[in-house]
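Notes to accompany the following structure.
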Amino acid sequence: DKVGGYNYQSNVSGQPNGTWNNEVGYGRINANKAICAANNFGLPLNGDATVCATSNSYTIPNLTSGAIVQWDAFPLGVVTINSPNSPQTTITKITDGIVTLTATITNSNACVGVNTSFSKTISVGSPKLINLSTGSEAFNLVGQNFNYGANGPGNSFSVCPSENISLTPFVPSDYNPSINAHSWTISGSYSSVGFLDQANLSVTSSSSTYNNFSFTYQYLNSCGWSPIHYGTATTIDCAGGEEPFRVKFEKGVVEVDSSYINSVSIYPNPVKEKLIISLDKRMEGVKVIRLVDANGRAISSQQITGYTTTISFAGLVNGMYYIEINQGKRRVIKKVIK
């Protein structure tokens with residue numbers, strides 16, 4: 001490492017490696033920089049993992065003399081940092097949420113120029129568990145008949161009749177909440193359900209197709225009960241070829257039953273906030289309507305008996321989506337652009 005005004009020369013007697021190479025520089029080691037890096041390596045960020053109102057102190061122990069600490073919390077608006085430029089700090093709750101507290105260490109001593117950051121994920125209050133990719137609560141589903149895990153977490157599922165499934169709340173990565181109790185509720189059409197105070201909800205779905213059930217989840221931590229997390233599930237005709245929680249789209253194919261494609265109208269398309277779905281009399285009876293993204297992942301599901309309904313696109317990212325209308329063994333798929 002070339003530092004500090006030294007005159008590096010090549011071909012110096014007794015220093016045959018005095019020329020630069022990418023592996024060892026000039027053949028000399030910057031011992032000061034190595035020691036400074038070692039001093040900051042692996043230091044813990046000590047402090048509360050859960051904050052109800054105002055935390056105890058967060059500290060970086062064993063800092064070198066002259067080290068300066070800058071504290072930041074992301075996302076903004078969840079906490080205030082009470083001493084952002086101090087070796088130790090506390091945070092105060094603004095609202096429930098999950099934040100990452102980061103301490104960035106800079107040096108004004110012999111270690112100037114050597115900066116290191118340490119982070120800690122903190123639960124503030126009793127926050128809702130959010131899937132950041134969708135911005136809403138989510139659950140993981142393990143089923144008896146299909147590998148639901150390949151579709152990722154969600155809050156609206158399609159499952160097979162009489163299927164044993166297990167639902168667990170989706171917990172963001174790097175977040176390890178201290179949970180003292182769980183509370184589930186379930187309503188609608190299902191065959192059986194397990195205990196409602198466990199970490200998972202065990203359900204046997206209805207034996208009939210196109211039946212729905214809804215469920216909610218809350219957890220208790222040291223700050224109190226969390227907000228309610230909502231989810232739904234619908235039984236579909238797996239024996240008739242429908243695939244749970246995903247739709248297979250072949251390139252260029254946007255309808256399944258071409259003789260009924262004109263029985264479904266959707267507008268406006270492209271859509272901004274709300275899509276209107278209108279069905280003609282050929283689509284009489286019970287229909288299950290799903291909104292699916294371009295990867296075949298179900299976003300929402302509803303059951304109707306009438307001929308018109310609306311689907312909200314508020315909060316969804318721009319891109320291609322599909323509206324799937326299931327009526328018995330008949331299926332119509334329409335492409336939507338937001």
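Letters A, B, ... mark the chains of the structure tokens in the order given; residue numbers begin at 1 per chain; ligand numbers begin at 1, in order shown.
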Q: May I have the residues within 9 Å of Cys223 in chain A as a PyMOL selection string, using only C-alpha atoms and disregarding those fewer than 4 positions away in the same chain?
A: chain A and resi 50-53+124-126
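Summary of the local environment: counting only C-alpha atoms, residues at most 6 Å from Asn221 in chain A, other than itself and those fewer than 2 positions away along its chain, are Ile179, Asn180, Cys223 and Gly224 of chain A.
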(Q) So that I can see what lies close to range 68-78 of chain A, please list as a PyMOL selection string the residues with an atom at most 7 Å from it, counting only C-alpha atoms and leaving out residues fewer than 6 positions away in the same chain. (A) chain A and resi 84-87+93-97+99-107
Export of prior selection with all heavy atoms as a compact mmCIF listing (two decimals), in the first residue's frame:
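Heads up, here's the output in again_34.txt:
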```txt
# COMPACT_ATOMS: atom_id res chain seq x y z
N PRO A 84 -27.45 11.48 17.60
CA PRO A 84 -26.97 10.85 16.36
C PRO A 84 -25.47 10.90 16.16
O PRO A 84 -24.95 10.20 15.29
CB PRO A 84 -27.68 11.67 15.27
CG PRO A 84 -28.01 12.97 15.91
CD PRO A 84 -28.27 12.68 17.35
N ASN A 85 -24.75 11.73 16.92
CA ASN A 85 -23.29 11.86 16.73
C ASN A 85 -22.55 11.61 18.02
O ASN A 85 -21.60 12.31 18.37
CB ASN A 85 -22.96 13.26 16.20
CG ASN A 85 -23.61 13.54 14.86
OD1 ASN A 85 -23.29 12.88 13.87
ND2 ASN A 85 -24.52 14.49 14.83
N SER A 86 -22.96 10.56 18.72
CA SER A 86 -22.37 10.23 20.01
C SER A 86 -21.92 8.78 20.00
O SER A 86 -22.46 7.96 19.24
CB SER A 86 -23.40 10.46 21.11
OG SER A 86 -22.93 9.99 22.36
N PRO A 87 -20.93 8.42 20.83
CA PRO A 87 -20.53 7.01 20.90
C PRO A 87 -21.66 6.07 21.30
O PRO A 87 -21.62 4.88 21.02
CB PRO A 87 -19.41 7.02 21.95
CG PRO A 87 -18.86 8.40 21.90
CD PRO A 87 -20.05 9.28 21.63
N LYS A 93 -39.73 5.83 19.90
CA LYS A 93 -40.75 5.41 18.95
C LYS A 93 -41.56 6.59 18.43
O LYS A 93 -42.02 7.43 19.19
CB LYS A 93 -41.67 4.38 19.60
CG LYS A 93 -42.91 4.03 18.79
CD LYS A 93 -43.84 3.12 19.57
CE LYS A 93 -45.18 2.94 18.87
NZ LYS A 93 -46.10 2.08 19.65
N ILE A 94 -41.76 6.63 17.10
CA ILE A 94 -42.74 7.50 16.46
C ILE A 94 -43.99 6.70 16.12
O ILE A 94 -45.11 7.10 16.39
CB ILE A 94 -42.17 8.17 15.20
CG1 ILE A 94 -40.96 9.05 15.55
CG2 ILE A 94 -43.24 8.98 14.49
CD1 ILE A 94 -40.27 9.63 14.34
N THR A 95 -43.76 5.52 15.53
CA THR A 95 -44.85 4.64 15.15
C THR A 95 -44.34 3.20 15.15
O THR A 95 -43.13 2.97 15.20
CB THR A 95 -45.43 5.01 13.78
OG1 THR A 95 -46.60 4.25 13.51
CG2 THR A 95 -44.41 4.74 12.67
N ASP A 96 -45.27 2.24 15.11
CA ASP A 96 -44.86 0.83 15.01
C ASP A 96 -44.13 0.60 13.69
O ASP A 96 -44.48 1.16 12.65
CB ASP A 96 -46.08 -0.09 15.06
CG ASP A 96 -46.71 -0.15 16.44
OD1 ASP A 96 -46.04 0.26 17.41
OD2 ASP A 96 -47.86 -0.60 16.55
N GLY A 97 -43.13 -0.25 13.73
CA GLY A 97 -42.40 -0.57 12.50
C GLY A 97 -41.16 -1.39 12.78
O GLY A 97 -40.84 -1.71 13.93
N VAL A 99 -37.08 -1.24 11.94
CA VAL A 99 -36.03 -0.35 11.45
C VAL A 99 -34.69 -1.05 11.51
O VAL A 99 -34.47 -1.98 12.31
CB VAL A 99 -35.95 0.96 12.26
CG1 VAL A 99 -37.23 1.76 12.13
CG2 VAL A 99 -35.61 0.71 13.72
N THR A 100 -33.79 -0.57 10.69
CA THR A 100 -32.39 -0.98 10.74
C THR A 100 -31.59 0.19 11.28
O THR A 100 -31.55 1.27 10.67
CB THR A 100 -31.86 -1.38 9.36
OG1 THR A 100 -32.63 -2.48 8.86
CG2 THR A 100 -30.40 -1.79 9.43
N LEU A 101 -31.00 0.00 12.46
CA LEU A 101 -30.16 1.02 13.08
C LEU A 101 -28.72 0.76 12.66
O LEU A 101 -28.21 -0.36 12.82
CB LEU A 101 -30.29 0.96 14.60
CG LEU A 101 -29.49 2.00 15.39
CD1 LEU A 101 -30.01 3.40 15.14
CD2 LEU A 101 -29.51 1.67 16.88
N THR A 102 -28.06 1.77 12.11
CA THR A 102 -26.69 1.62 11.61
C THR A 102 -25.77 2.61 12.30
O THR A 102 -26.10 3.80 12.42
CB THR A 102 -26.64 1.87 10.08
OG1 THR A 102 -27.47 0.91 9.43
CG2 THR A 102 -25.21 1.73 9.56
N ALA A 103 -24.65 2.11 12.76
CA ALA A 103 -23.59 2.94 13.33
C ALA A 103 -22.41 2.93 12.36
O ALA A 103 -21.86 1.87 12.05
CB ALA A 103 -23.16 2.40 14.69
N THR A 104 -22.05 4.11 11.86
CA THR A 104 -20.90 4.25 10.97
C THR A 104 -19.76 4.88 11.74
O THR A 104 -19.90 5.98 12.29
CB THR A 104 -21.26 5.12 9.74
OG1 THR A 104 -22.35 4.52 9.05
CG2 THR A 104 -20.07 5.24 8.81
N ILE A 105 -18.65 4.17 11.80
CA ILE A 105 -17.49 4.62 12.58
C ILE A 105 -16.46 5.23 11.64
O ILE A 105 -16.02 4.60 10.66
CB ILE A 105 -16.86 3.44 13.33
CG1 ILE A 105 -17.90 2.76 14.23
CG2 ILE A 105 -15.67 3.90 14.15
CD1 ILE A 105 -17.40 1.46 14.84
N THR A 106 -16.09 6.48 11.91
CA THR A 106 -14.98 7.12 11.20
C THR A 106 -13.93 7.46 12.25
O THR A 106 -14.18 7.43 13.45
CB THR A 106 -15.43 8.39 10.47
OG1 THR A 106 -16.03 9.30 11.41
CG2 THR A 106 -16.46 8.06 9.40
N ASN A 107 -12.75 7.80 11.78
CA ASN A 107 -11.62 7.97 12.69
C ASN A 107 -10.90 9.27 12.41
O ASN A 107 -10.67 9.63 11.24
CB ASN A 107 -10.63 6.80 12.54
CG ASN A 107 -11.27 5.47 12.93
OD1 ASN A 107 -11.31 5.12 14.09
ND2 ASN A 107 -11.79 4.75 11.93
```
Q: Can you check which residues of range 142-243 of chain A DSSP gives as strand (DSSP E) on the backbone and send them as a PyMOL selection string?
A: chain A and resi 142+156-159+164-169+181-188+190-193+201-205+212-221+224-225+229-235
Q: Choose the residue, out of A:Leu316, A:Ile311, A:Val264, A:Ile276, that has the smallest atom-to-atom separation from Ile333 in chain A; count only C-alpha atoms.
A: A:Val264
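Ranking A:Ile299, A:Ala233, A:Lys335, A:Thr305 by their shortest atom-to-atom distance to Pro268 in chain A, with only C-alpha atoms included, puts A:Lys335 first.
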(Q) Considering only C-alpha atoms, can you say which of A:Ser191, A:Ser206, A:Ser278, A:Asn176 comes closest to Ser123 in chain A? (A) A:Asn176
Q: For Gly315 in chain A, work out the shell of residues within 12 Å, counting only C-alpha atoms and skipping chain neighbours fewer than 3 positions away, then give it as number ranges by chain.
A: A: 133-136, 272-274, 299, 312, 318, 338
(Q) Considering only helix (DSSP H, G or I) as DSSP defines it on the backbone, what residues of range 46-288 of chain A qualify? List them as a count of residues only. (A) 13
Q: Work out how far apart CA of Tyr321 in chain A and CA of Thr216 in chain A are and give it in Å to one decimal.
A: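 Result for CA of Tyr321 in chain A versus CA of Thr216 in chain A: 26.6 Å, one decimal.
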Q | Who sits within 10 Å of Tyr307 in chain A, only C-alpha atoms, same chain under 5 positions skipped, as a PyMOL selection string | A | chain A and resi 264+277-287
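Separating CA of Ser202 in chain A from CA of Thr168 in chain A is a distance of 9.1 Å.
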Q. What is the distance, in Å and to one decimal place, between CA of Asn140 in chain A and CA of Ser192 in chain A?
A. 19.2 Å
Q. Which residue gives the smallest distance to Ala298 in chain A among A:Pro161, A:Gly154, A:Leu167, A:Thr209, with only C-alpha atoms counted?
A.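 Selected residue with least distance to Ala298 in chain A: A:Gly154.
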Q. With only C-alpha atoms as the atoms that count, which of A:Ile289, A:Ile337, A:Phe213, A:Pro61 lies nearest to Gly306 in chain A?
A.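 Closest candidate: A:Ile289.
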